[in-house]
file coords.cif (mmCIF, N, CA and C atoms)
data_work
loop_
_atom_site.label_atom_id
_atom_site.label_comp_id
_atom_site.auth_asym_id
_atom_site.auth_seq_id
_atom_site.Cartn_x
_atom_site.Cartn_y
_atom_site.Cartn_z
N GLY N 5 0.78 -1.20 0.00
CA GLY N 5 0.00 0.00 0.00
C GLY N 5 0.83 1.27 0.00
N ASN N 6 2.04 1.21 0.53
CA ASN N 6 2.85 2.43 0.61
C ASN N 6 3.34 2.91 -0.75
N PHE N 7 3.60 2.00 -1.67
CA PHE N 7 4.13 2.39 -2.97
C PHE N 7 3.17 3.35 -3.69
N ILE N 8 1.90 2.97 -3.76
CA ILE N 8 0.91 3.80 -4.45
C ILE N 8 0.76 5.14 -3.74
N THR N 9 0.71 5.11 -2.43
CA THR N 9 0.57 6.35 -1.65
C THR N 9 1.71 7.31 -1.94
N ILE N 10 2.92 6.80 -1.95
CA ILE N 10 4.10 7.65 -2.21
C ILE N 10 4.10 8.14 -3.66
N ALA N 11 3.77 7.25 -4.59
CA ALA N 11 3.72 7.64 -6.01
C ALA N 11 2.69 8.75 -6.23
N GLU N 12 1.55 8.64 -5.57
CA GLU N 12 0.53 9.69 -5.68
C GLU N 12 1.02 10.99 -5.06
N ARG N 13 1.67 10.90 -3.92
CA ARG N 13 2.15 12.10 -3.23
C ARG N 13 3.13 12.88 -4.10
N TYR N 14 3.96 12.17 -4.85
CA TYR N 14 4.97 12.83 -5.68
C TYR N 14 4.55 12.94 -7.15
N SER N 15 3.27 12.77 -7.40
CA SER N 15 2.69 12.92 -8.75
C SER N 15 3.39 12.05 -9.79
N LEU N 16 3.63 10.79 -9.43
CA LEU N 16 4.32 9.86 -10.33
C LEU N 16 3.39 8.85 -11.00
N MET N 17 2.12 8.87 -10.65
CA MET N 17 1.22 7.83 -11.16
C MET N 17 1.08 7.84 -12.67
N THR N 18 1.01 9.00 -13.28
CA THR N 18 0.88 9.06 -14.74
C THR N 18 2.11 8.46 -15.41
N LYS N 19 3.30 8.77 -14.89
CA LYS N 19 4.53 8.21 -15.47
C LYS N 19 4.58 6.70 -15.27
N ILE N 20 4.16 6.24 -14.11
CA ILE N 20 4.15 4.80 -13.83
C ILE N 20 3.15 4.10 -14.75
N ASP N 21 1.96 4.68 -14.91
CA ASP N 21 0.96 4.09 -15.80
C ASP N 21 1.49 3.98 -17.23
N ARG N 22 2.13 5.02 -17.71
CA ARG N 22 2.68 4.99 -19.08
C ARG N 22 3.76 3.92 -19.22
N TRP N 23 4.58 3.77 -18.18
CA TRP N 23 5.62 2.74 -18.20
C TRP N 23 4.98 1.36 -18.25
N VAL N 24 3.95 1.14 -17.44
CA VAL N 24 3.26 -0.15 -17.40
C VAL N 24 2.66 -0.47 -18.77
N ILE N 25 2.02 0.51 -19.39
CA ILE N 25 1.42 0.30 -20.72
C ILE N 25 2.50 -0.04 -21.74
N GLN N 26 3.60 0.69 -21.71
CA GLN N 26 4.70 0.44 -22.65
C GLN N 26 5.25 -0.97 -22.47
N GLN N 27 5.47 -1.38 -21.23
CA GLN N 27 6.01 -2.71 -20.97
C GLN N 27 5.04 -3.79 -21.42
N ALA N 28 3.77 -3.61 -21.15
CA ALA N 28 2.76 -4.60 -21.54
C ALA N 28 2.71 -4.74 -23.06
N LEU N 29 2.75 -3.63 -23.77
CA LEU N 29 2.72 -3.69 -25.23
C LEU N 29 3.97 -4.34 -25.81
N GLU N 30 5.11 -4.10 -25.18
CA GLU N 30 6.35 -4.75 -25.64
C GLU N 30 6.27 -6.26 -25.44
N ILE N 31 5.74 -6.68 -24.29
CA ILE N 31 5.60 -8.11 -24.02
C ILE N 31 4.61 -8.74 -25.00
N LEU N 32 3.50 -8.06 -25.27
CA LEU N 32 2.54 -8.58 -26.24
C LEU N 32 3.15 -8.70 -27.63
N SER N 33 3.98 -7.74 -28.01
CA SER N 33 4.58 -7.78 -29.34
C SER N 33 5.54 -8.96 -29.49
N LEU N 34 6.12 -9.42 -28.40
CA LEU N 34 7.01 -10.58 -28.46
C LEU N 34 6.25 -11.84 -28.84
N GLY N 35 4.98 -11.90 -28.46
CA GLY N 35 4.20 -13.10 -28.74
C GLY N 35 3.21 -12.95 -29.87
N LYS N 36 3.35 -11.90 -30.68
CA LYS N 36 2.35 -11.64 -31.73
C LYS N 36 2.29 -12.73 -32.79
N ASN N 37 3.34 -13.50 -32.94
CA ASN N 37 3.34 -14.58 -33.93
C ASN N 37 2.94 -15.92 -33.33
N SER N 38 2.61 -15.91 -32.06
CA SER N 38 2.20 -17.14 -31.38
C SER N 38 0.82 -17.58 -31.87
N SER N 39 0.58 -18.86 -31.83
CA SER N 39 -0.73 -19.38 -32.24
C SER N 39 -1.83 -18.95 -31.26
N HIS N 40 -1.45 -18.52 -30.08
CA HIS N 40 -2.42 -18.09 -29.07
C HIS N 40 -2.61 -16.57 -29.07
N ALA N 41 -1.95 -15.86 -29.94
CA ALA N 41 -1.97 -14.40 -29.92
C ALA N 41 -3.37 -13.81 -30.04
N ARG N 42 -4.22 -14.44 -30.81
CA ARG N 42 -5.58 -13.89 -31.00
C ARG N 42 -6.46 -14.06 -29.78
N SER N 43 -6.08 -14.94 -28.87
CA SER N 43 -6.92 -15.18 -27.70
C SER N 43 -6.44 -14.41 -26.47
N ILE N 44 -5.45 -13.57 -26.62
CA ILE N 44 -4.90 -12.82 -25.49
C ILE N 44 -5.77 -11.60 -25.22
N THR N 45 -6.11 -11.42 -23.94
CA THR N 45 -6.82 -10.23 -23.49
C THR N 45 -5.91 -9.48 -22.54
N LEU N 46 -5.81 -8.19 -22.72
CA LEU N 46 -4.95 -7.36 -21.87
C LEU N 46 -5.82 -6.38 -21.10
N SER N 47 -5.66 -6.37 -19.79
CA SER N 47 -6.37 -5.41 -18.94
C SER N 47 -5.34 -4.69 -18.09
N ILE N 48 -5.43 -3.38 -18.05
CA ILE N 48 -4.52 -2.57 -17.25
C ILE N 48 -5.34 -1.59 -16.43
N ASN N 49 -5.12 -1.57 -15.15
CA ASN N 49 -5.78 -0.59 -14.29
C ASN N 49 -4.98 0.71 -14.34
N LEU N 50 -5.66 1.79 -14.69
CA LEU N 50 -5.01 3.10 -14.73
C LEU N 50 -5.44 3.92 -13.52
N SER N 51 -4.57 4.80 -13.11
CA SER N 51 -4.87 5.69 -11.99
C SER N 51 -5.84 6.78 -12.43
N GLY N 52 -6.49 7.38 -11.47
CA GLY N 52 -7.36 8.52 -11.76
C GLY N 52 -6.60 9.66 -12.39
N ALA N 53 -5.34 9.83 -11.97
CA ALA N 53 -4.51 10.89 -12.54
C ALA N 53 -4.32 10.69 -14.04
N SER N 54 -4.12 9.45 -14.46
CA SER N 54 -3.95 9.17 -15.89
C SER N 54 -5.25 9.36 -16.65
N MET N 55 -6.34 9.02 -16.04
CA MET N 55 -7.64 9.16 -16.71
C MET N 55 -7.99 10.62 -16.96
N SER N 56 -7.49 11.51 -16.12
CA SER N 56 -7.80 12.93 -16.30
C SER N 56 -6.67 13.70 -16.97
N ASP N 57 -5.58 13.00 -17.31
CA ASP N 57 -4.43 13.63 -17.95
C ASP N 57 -4.71 13.82 -19.44
N GLU N 58 -4.38 14.97 -19.95
CA GLU N 58 -4.57 15.22 -21.38
C GLU N 58 -3.33 14.80 -22.08
#

call {"tool": "encode", "arguments": {"input": "coords.cif", "output": "structure tokens"}}
result
Amino acid sequence: GNFITIAERYSLMTKIDRWVIQQALEILSLGKNSSHARSITLSINLSGASMSDE
């Protein structure tokens, strides 16, 4: 619980969310030629700060 609290306090959530999205997309791209690629579902929880960021 402390990690999120500290990240919010120092306004780092948007940067963390963007990093998570980038990492997830890179991992997905590694398996794009897999026979299971079409059945992959990706869900990422974003912070409120990211949802309101332009």

call {"tool": "residues_around", "arguments": {"input": "coords.cif", "residues": "Leu16 in chain N", "least_positions_apart": "6", "cutoff": "12 Å", "atoms": "only C-alpha atoms", "output": "mmCIF file with N, CA and C atoms, in the coordinates of the input"}}
result
data_model
loop_
_atom_site.group_PDB
_atom_site.id
_atom_site.type_symbol
_atom_site.label_atom_id
_atom_site.label_comp_id
_atom_site.auth_asym_id
_atom_site.auth_seq_id
_atom_site.Cartn_x
_atom_site.Cartn_y
_atom_site.Cartn_z
ATOM 1 N N PHE N 7 3.600 2.000 -1.670
ATOM 2 C CA PHE N 7 4.130 2.390 -2.970
ATOM 3 C C PHE N 7 3.170 3.350 -3.690
ATOM 4 N N ILE N 8 1.900 2.970 -3.760
ATOM 5 C CA ILE N 8 0.910 3.800 -4.450
ATOM 6 C C ILE N 8 0.760 5.140 -3.740
ATOM 7 N N THR N 9 0.710 5.110 -2.430
ATOM 8 C CA THR N 9 0.570 6.350 -1.650
ATOM 9 C C THR N 9 1.710 7.310 -1.940
ATOM 10 N N ILE N 10 2.920 6.800 -1.950
ATOM 11 C CA ILE N 10 4.100 7.650 -2.210
ATOM 12 C C ILE N 10 4.100 8.140 -3.660
ATOM 13 N N ARG N 22 2.130 5.020 -17.710
ATOM 14 C CA ARG N 22 2.680 4.990 -19.080
ATOM 15 C C ARG N 22 3.760 3.920 -19.220
ATOM 16 N N TRP N 23 4.580 3.770 -18.180
ATOM 17 C CA TRP N 23 5.620 2.740 -18.200
ATOM 18 C C TRP N 23 4.980 1.360 -18.250
ATOM 19 N N SER N 51 -4.570 4.800 -13.110
ATOM 20 C CA SER N 51 -4.870 5.690 -11.990
ATOM 21 C C SER N 51 -5.840 6.780 -12.430
ATOM 22 N N GLY N 52 -6.490 7.380 -11.470
ATOM 23 C CA GLY N 52 -7.360 8.520 -11.760
ATOM 24 C C GLY N 52 -6.600 9.660 -12.390
ATOM 25 N N ALA N 53 -5.340 9.830 -11.970
ATOM 26 C CA ALA N 53 -4.510 10.890 -12.540
ATOM 27 C C ALA N 53 -4.320 10.690 -14.040
ATOM 28 N N SER N 54 -4.120 9.450 -14.460
ATOM 29 C CA SER N 54 -3.950 9.170 -15.890
ATOM 30 C C SER N 54 -5.250 9.360 -16.650
#

call {"tool": "select_by_dssp", "arguments": {"input": "coords.cif", "residues": "chain N", "states": "helix (DSSP H, G or I)", "output": "PyMOL selection string"}}
result
chain N and resi 6-13+17-34+41-43+52-55

call {"tool": "closest_residue", "arguments": {"input": "coords.cif", "among": "N:Met55, N:Met17, N:Leu46, N:Ala11", "to": "Ile31 in chain N", "atoms": "only C-alpha atoms"}}
result
N:Leu46

call {"tool": "atom_distance", "arguments": {"input": "coords.cif", "atom1": "CA of Ser56 in chain N", "atom2": "CA of Asp21 in chain N"}}
result
12.5 Å

call {"tool": "atom_distance", "arguments": {"input": "coords.cif", "atom1": "CA of Glu30 in chain N", "atom2": "CA of Ser47 in chain N"}}
result
14.4 Å
